[in-house]
Amino acid sequence: MGEKRILSGMQPTGSLHLGNLEVLRTWARLQHEYQMYCCIVDWHALTTLYDRTEQIGPAAREVAADYIAAGLDPNRVSIFIQSHVKEHAELHLLLSMVTPLGWLERVPTFKEKRENLQLNEESVSYGLLGYPVLQAADILVYRAHAVPVGKDQLPHLELTREIARRFNNLYGEVFPEPQSMVNEATAVIPGLDGRKMSKSYNNAIYLSDDADTVARKVNDAFTCPTKIRKTDPGIPENCVVCQLRRVYDPVGYQTSWEEDRQGVRGCVQNKRELTDILNALLDPLRARRRELLSDPESLTRYLAEGAERARALASETMQMVRKAMHL
Ligand code: ADP
């Protein structure tokens, strides 16, 4: 394992889906080369679930189980819950003092969230605006060298870099400027309705779905609208089932696409085969997550050990920060 550190995290706002799994698979590859800190950011989840906080704890454990089931080794990677490492909150507070308000108001995801959730002045919380500062604290408290991000997250990481630069200029070099690791090869997984798969759109296949649920969802998926009968020539580019087939059967999909175009295979066969492919992918994952969730003590132990390793590094950083700031 190398000396370079990576921080990454997901919110416990619901079960993880196939889109999230793509990201977890990237993390699982990186764990062999980097020191990884994989956080479950429950404080971030409060920006939307502040009135349903009872959902966050159980969801956080499920996300932990998903991390491990997707291939992260809890003995190699520090998997932990953000609120178990209080140093994130202290650094968030200190960074908030050196972050100009204008920087936060300009963040595109803030504007989007405000519009998508149709938030009025009253319901835009101080915490929602400060979300990227908390994210900066999550990253900088581990003096992370790199962060694997989706393209949508790049503005947040840029802000983290600006905050780090500002802090270093004011108080002396404490933080490395974290680099983004955008994996161009990571597929954006389409949801069952053709939009990006997302828990917000009710179009996702979840890692927690059983085999019958996967079959039902695939059966209802959006297919090429001009292919009514099996013999009609299909346009695989317009069919969610064909798109998913390409991701999860990167070699075999070509023959099925060709047959689809020629009108010698129908949607029923496409759906049946995709169901089998997805269930073969998800079966071992489902077994592992079931095993983890049915053994709460082991999961609690993994999370406690992860938090302990994270805390050791975070408290070292906070000593440097307090010293630099004369606190
Ligand atoms: P959601 O859209 O379901 O709320 P999140 O925003 O919580 O998902 O995303 C968590 C991580 O999963 C992010 O790194 C994001 O880029 C990635 N991700 C989410 N949806 C997809 C998708 N459909 N395809 C690929 N990656 C995705």
# chains A, B, ... in the order shown; residues from 1 in each chain; ligands from 1
>>> residues_near_ligand(ligand="ligand 1", cutoff="6 Å", atoms="only C-alpha atoms and all ligand atoms", output="compact mmCIF listing (two decimals) with N, CA, C and O atoms, in the first residue's frame")
# COMPACT_ATOMS: atom_id res chain seq x y z
N MET A 10 -19.93 8.61 0.93
CA MET A 10 -21.29 8.66 0.39
C MET A 10 -22.26 8.98 1.52
O MET A 10 -22.00 8.65 2.68
N GLN A 11 -23.37 9.56 1.13
CA GLN A 11 -24.38 9.93 2.13
C GLN A 11 -25.28 8.75 2.45
O GLN A 11 -25.69 8.04 1.52
N GLY A 19 -25.72 2.49 -9.90
CA GLY A 19 -24.88 3.66 -10.23
C GLY A 19 -23.82 3.86 -9.17
O GLY A 19 -22.63 4.04 -9.47
N ASN A 20 -24.22 3.79 -7.91
CA ASN A 20 -23.27 3.94 -6.80
C ASN A 20 -22.26 2.79 -6.82
O ASN A 20 -21.09 2.98 -6.47
N GLU A 22 -20.86 1.40 -9.30
CA GLU A 22 -19.74 1.71 -10.21
C GLU A 22 -18.63 2.44 -9.46
O GLU A 22 -17.45 2.18 -9.66
N VAL A 23 -19.06 3.38 -8.59
CA VAL A 23 -18.08 4.16 -7.83
C VAL A 23 -17.37 3.25 -6.82
O VAL A 23 -16.15 3.29 -6.66
N VAL A 149 -13.68 11.45 -7.69
CA VAL A 149 -14.98 12.15 -7.78
C VAL A 149 -15.63 11.94 -9.13
O VAL A 149 -14.96 11.69 -10.13
N GLY A 150 -16.95 12.10 -9.13
CA GLY A 150 -17.68 12.19 -10.39
C GLY A 150 -17.53 13.62 -10.89
O GLY A 150 -17.20 14.53 -10.12
N ALA A 187 -18.70 4.24 -15.91
CA ALA A 187 -19.91 4.44 -16.70
C ALA A 187 -20.96 5.19 -15.88
O ALA A 187 -21.02 5.03 -14.67
N VAL A 188 -21.72 6.05 -16.56
CA VAL A 188 -22.90 6.63 -15.91
C VAL A 188 -24.04 5.64 -16.19
O VAL A 188 -24.38 5.37 -17.34
N ILE A 189 -24.57 5.07 -15.14
CA ILE A 189 -25.56 4.01 -15.30
C ILE A 189 -26.94 4.63 -15.52
O ILE A 189 -27.39 5.44 -14.72
N PRO A 190 -27.60 4.23 -16.63
CA PRO A 190 -28.95 4.76 -16.84
C PRO A 190 -29.95 4.08 -15.92
O PRO A 190 -29.81 2.90 -15.59
N LYS A 196 -30.52 9.37 -15.77
CA LYS A 196 -29.44 8.82 -14.93
C LYS A 196 -30.05 8.08 -13.75
O LYS A 196 -31.03 8.56 -13.17
N MET A 197 -29.51 6.91 -13.43
CA MET A 197 -30.04 6.18 -12.28
C MET A 197 -29.79 7.00 -11.02
O MET A 197 -28.68 7.45 -10.76
N SER A 198 -30.85 7.22 -10.23
CA SER A 198 -30.72 8.02 -9.02
C SER A 198 -31.83 7.66 -8.05
O SER A 198 -32.96 7.39 -8.48
N LYS A 199 -31.48 7.69 -6.76
CA LYS A 199 -32.53 7.36 -5.79
C LYS A 199 -33.63 8.42 -5.80
O LYS A 199 -34.76 8.14 -5.42
N SER A 200 -33.32 9.61 -6.30
CA SER A 200 -34.33 10.67 -6.31
C SER A 200 -35.36 10.49 -7.43
O SER A 200 -36.39 11.14 -7.41
>>> residues_around(residues="Ile205 of chain A", least_positions_apart="5", cutoff="7 Å", atoms="only C-alpha atoms", output="ChimeraX atom specification")
/A:17-18,214
>>> closest_residue(among="A:Asn202, A:Thr109, A:Gln179, A:Asn75", to="Gly14 of chain A", atoms="only C-alpha atoms")
A:Asn202
>>> select_by_dssp(residues="segment 45-152 of chain A", states="strand (DSSP E or B)", output="ChimeraX atom specification")
/A:78-81,146-148
>>> decode(residues="segment 264-276 of chain A", atoms="N, CA and C atoms", output="mmCIF file, in the first residue's frame")
data_model
loop_
_atom_site.group_PDB
_atom_site.id
_atom_site.type_symbol
_atom_site.label_atom_id
_atom_site.label_comp_id
_atom_site.auth_asym_id
_atom_site.auth_seq_id
_atom_site.Cartn_x
_atom_site.Cartn_y
_atom_site.Cartn_z
ATOM 1 N N VAL A 264 -34.141 -10.001 -35.090
ATOM 2 C CA VAL A 264 -34.220 -11.442 -34.836
ATOM 3 C C VAL A 264 -34.199 -11.726 -33.326
ATOM 4 N N ARG A 265 -34.281 -10.713 -32.542
ATOM 5 C CA ARG A 265 -34.463 -10.933 -31.092
ATOM 6 C C ARG A 265 -35.383 -9.836 -30.552
ATOM 7 N N GLY A 266 -36.163 -10.220 -29.578
ATOM 8 C CA GLY A 266 -37.155 -9.283 -29.062
ATOM 9 C C GLY A 266 -36.800 -8.781 -27.671
ATOM 10 N N CYS A 267 -37.644 -7.884 -27.181
ATOM 11 C CA CYS A 267 -37.410 -7.276 -25.869
ATOM 12 C C CYS A 267 -37.528 -8.304 -24.745
ATOM 13 N N VAL A 268 -38.402 -9.292 -24.947
ATOM 14 C CA VAL A 268 -38.604 -10.277 -23.875
ATOM 15 C C VAL A 268 -37.299 -11.026 -23.606
ATOM 16 N N GLN A 269 -36.647 -11.447 -24.692
ATOM 17 C CA GLN A 269 -35.367 -12.163 -24.534
ATOM 18 C C GLN A 269 -34.302 -11.237 -23.931
ATOM 19 N N ASN A 270 -34.261 -9.991 -24.422
ATOM 20 C CA ASN A 270 -33.290 -9.016 -23.881
ATOM 21 C C ASN A 270 -33.468 -8.852 -22.378
ATOM 22 N N LYS A 271 -34.711 -8.739 -21.976
ATOM 23 C CA LYS A 271 -34.986 -8.503 -20.560
ATOM 24 C C LYS A 271 -34.652 -9.730 -19.715
ATOM 25 N N ARG A 272 -34.998 -10.899 -20.257
ATOM 26 C CA ARG A 272 -34.720 -12.126 -19.498
ATOM 27 C C ARG A 272 -33.214 -12.292 -19.303
ATOM 28 N N GLU A 273 -32.464 -12.078 -20.384
ATOM 29 C CA GLU A 273 -31.010 -12.256 -20.285
ATOM 30 C C GLU A 273 -30.381 -11.198 -19.370
ATOM 31 N N LEU A 274 -30.855 -9.962 -19.462
ATOM 32 C CA LEU A 274 -30.295 -8.917 -18.586
ATOM 33 C C LEU A 274 -30.583 -9.241 -17.118
ATOM 34 N N THR A 275 -31.796 -9.719 -16.854
ATOM 35 C CA THR A 275 -32.137 -10.102 -15.474
ATOM 36 C C THR A 275 -31.138 -11.137 -14.960
ATOM 37 N N ASP A 276 -30.836 -12.138 -15.807
ATOM 38 C CA ASP A 276 -29.895 -13.188 -15.379
ATOM 39 C C ASP A 276 -28.502 -12.590 -15.128
#
